[in-house]
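Quick notes on the structure that follows.
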Amino acid sequence: MTTVVPTSEEDPALSVVRFTAEISWADAGPEVAEPQVTSLCMEAQQCMVAGRWLDLASLMLTSADLVFSKTSEKDLECIFTVICNLVKKSDSLDEALEMAKLISTKITQQPNDKPALRLKIMFNLYNLLENSYSRFFVYMKALSLAVDGKVTEHIVPSFKKIDSFLNEWNVGVQDQRELFLSISNVLKENKSSSKESFKFLTKYLATFAGEDALTLGEAKEEAVRTILEFVKTPDMFQCDLLDMPAVAQLEKDAKYAPVYQLLKIFLTQRLDAYLDFHAANANLVKGYGLVHEDCIAKMRLMSLVDLGSDISGQVPYALIKDTLQVNDDEVELWVVKAITAKLIDCKIDQMNEVVIVSRSTERVFGLHQWEALRTKLATWRGNITNIINTIQANKVTEDGTQGLQGLMIR
């Protein structure tokens with residue numbers, strides 16, 4: 001961060017007022033400019049003596065737009081470092097919040113003019129604040145500035161720390177919704193961040209748990225968007241959307257019920273169900289920007305995962321062929337695709353034309369999956385207990401045999 005070094009005994013804040021005033025009145029001529037500059041400096045001094053830091057901040061920001069257009073970036077950073085430091089002067093956290101609002105609002109008014117520098121100033125302001133809500137407010141303004149100024153690459157790295165930020169900010173549900181949705185919208189613009197965008201969308205939808213029908217209605221559009229993002233993303237095969245109230249409300253919605261049905265097919269059914277759905281809703285699928293061939297490819301993989309979850313773990317080639325509706329020579333190709341996508345671990349028995357699955361990904365993880373996991377753990381626990389008992393029994397037998405041998409030797 002740039003440090004302002006005073007070259008005289010004059011307070012840095014007063015130096016900034018004088019500097020910005022001289023720039024503002026430079027074209028008026030000395031006879032007009034000098035009295036105006038003196039008047040502004042006297043007003044600034046009065047604010048400082050009286051501890052009216054909010055008024056001083058307002059005074060210093062009066063010519064901010066003009067200063068941005070006529071000052072170098074280095075000088076601008078110095079000026080706003082001094083202005084931002086005013087939030088440390090006040091003993092009132094409420095006044096500091098008002099100053100933060102005033103400063104951040106002024107900085108973000110012209111987002112296309114030196115946006116990266118403006119964002120840097122916002123980050124400096126954020127770090128100077130002590131009040132948690134003040135920090136949240138400035139962060140949201142910075143996020144908006146990054147979007148409007150097309151410099152989101154400077155703020156995206158901070159998204160990894162959002163959970164710790166939220167613990168610090170301690171903001172309400174409404175603020176959390178605004179934050180999650182804003183972040184998701186930023187990430188949506190970058191195709192490589194589609195999974196991260198989806199993650200923040202689901203965080204947004206999760207905040208509606210326990211809400212009434214009227215409030216849930218606010219999330220309908222985003223619930224539809226989240227479903228479509230899941231269906232579109234070729235390498236996303238698992239989610240817990242079905243259990244979310246914000247999504248479940250779509251099941252009986254006159255307009256969006258088919259979208260919910262589509263999600264249910266992708267998470268709980270197989271390819272034949274999707275093909276039946278498409279036959280009845282081809283225009284809807286196309287209207288939502290879904291590519292039928294891509295949906296088929298994803299459903300084939302998800303259907304294969306479903307086959308692999310069978311308790312026997314053995315899936316015949318013929319069953320794969322029929323379920324995925326592919327040719328004989330394509331069966332192994334789709335199994336390899338599923339392995340590559342880390343959806344299953346298996347061995348391919350070409351001689352007997354069977355796939356032996358040792359692990360398969362669960363498309364959803366609800367009550368049924370927890371019960372199945374509990375059963376598996378109980379079985380494993382029993383097996384381990386039996387192994388331990390067998391080892392101990394063998395050890396007792398071995399020790400007894402060695403003891404008898406000792407008696408015979410003596």
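Starting from 1 in every chain, residues are counted up; chains themselves are A, B, ... following the order of the structure tokens, and ligands are numbered from 1 as listed.
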DSSP helix (DSSP H, G or I) residues within segment 122-244 of chain A, as a ChimeraX atom specification: /A:122-128,132-148,152-154,156-169,173-188,191-206,213-232,241-243
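Using only C-alpha atoms for every distance, the candidate list A:Ser132, A:Ser24, A:Val16, A:Asp91 yields A:Val16 as the residue closest to Asp75 of chain A.
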Neighbour list for segment 157-172 of chain A as a PyMOL selection string, cut-off 8 Å, only C-alpha atoms, skip fewer than 5 positions in-chain: chain A and resi 132-133+135-136+183
Once you have the residues from the selection above, write them out as a compact mmCIF listing (two decimals), in the first residue's frame, restricted to all heavy atoms.
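For reference, result30.txt as written:
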```
# COMPACT_ATOMS: atom_id res chain seq x y z
N SER A 132 -17.30 -5.52 11.25
CA SER A 132 -17.50 -6.64 10.33
C SER A 132 -18.49 -6.30 9.21
O SER A 132 -18.26 -6.64 8.04
CB SER A 132 -17.97 -7.87 11.09
OG SER A 132 -19.16 -7.60 11.80
N TYR A 133 -19.60 -5.61 9.55
CA TYR A 133 -20.56 -5.29 8.50
C TYR A 133 -19.99 -4.25 7.53
O TYR A 133 -20.29 -4.29 6.33
CB TYR A 133 -21.88 -4.78 9.09
CG TYR A 133 -22.91 -4.56 8.00
CD1 TYR A 133 -23.60 -5.64 7.46
CD2 TYR A 133 -23.15 -3.29 7.48
CE1 TYR A 133 -24.51 -5.47 6.43
CE2 TYR A 133 -24.07 -3.11 6.45
CZ TYR A 133 -24.74 -4.20 5.93
OH TYR A 133 -25.63 -4.01 4.91
N ARG A 135 -16.98 -4.08 6.56
CA ARG A 135 -16.14 -4.86 5.63
C ARG A 135 -17.01 -5.57 4.59
O ARG A 135 -16.67 -5.59 3.40
CB ARG A 135 -15.31 -5.89 6.41
CG ARG A 135 -14.13 -5.27 7.15
CD ARG A 135 -13.21 -6.33 7.71
NE ARG A 135 -11.88 -5.79 7.93
CZ ARG A 135 -10.78 -6.53 8.02
NH1 ARG A 135 -10.86 -7.84 7.92
NH2 ARG A 135 -9.60 -5.96 8.20
N PHE A 136 -18.11 -6.14 5.04
CA PHE A 136 -19.01 -6.82 4.10
C PHE A 136 -19.54 -5.83 3.06
O PHE A 136 -19.56 -6.12 1.86
CB PHE A 136 -20.18 -7.45 4.85
CG PHE A 136 -21.26 -7.97 3.93
CD1 PHE A 136 -21.09 -9.13 3.20
CD2 PHE A 136 -22.46 -7.27 3.80
CE1 PHE A 136 -22.08 -9.60 2.34
CE2 PHE A 136 -23.45 -7.73 2.95
CZ PHE A 136 -23.27 -8.90 2.23
N ILE A 183 -21.51 -13.84 -6.65
CA ILE A 183 -20.30 -14.62 -6.96
C ILE A 183 -20.58 -15.63 -8.07
O ILE A 183 -19.78 -15.80 -9.00
CB ILE A 183 -19.78 -15.32 -5.70
CG1 ILE A 183 -19.24 -14.30 -4.70
CG2 ILE A 183 -18.69 -16.33 -6.05
CD1 ILE A 183 -18.79 -14.88 -3.39
```
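With distances restricted to only C-alpha atoms, A:Leu54 is the closest residue to Asp94 of chain A from A:Leu54, A:Cys78, A:Cys47, A:Ala254.
Nearest-residue note for Glu77 of chain A: choosing from A:Ala50, A:Val37, A:Lys120, A:Leu93, the minimum distance belongs to A:Lys120, counting only C-alpha atoms.
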With distances taken over only C-alpha atoms, the candidate from A:Leu201, A:Ala378, A:Val305, A:Ile387 nearest Leu267 of chain A is A:Val305
Across A:Trp334, A:Phe230, A:Tyr260, A:Phe80, the smallest distance to Ala57 of chain A, with only C-alpha atoms counted, is shown by A:Phe80
- prompt: If we count only C-alpha atoms, what is near segment 284-294 of chain A at a cut-off of 8 Å, once residues fewer than 5 positions away on the same chain are taken out, given as a list in words?
  reply: Leu228, Val231, Lys232, Pro234 and His278 of chain A
Would you mind exporting the chosen residues as a compact mmCIF listing (two decimals), in the first residue's frame, restricted to C-alpha atoms?
```
# COMPACT_ATOMS: atom_id res chain seq x y z
CA LEU A 228 -29.96 -26.64 -16.16
CA VAL A 231 -27.62 -31.08 -16.75
CA LYS A 232 -25.42 -29.09 -19.14
CA PRO A 234 -20.62 -32.79 -18.96
CA HIS A 278 -37.31 -35.86 -24.77
```
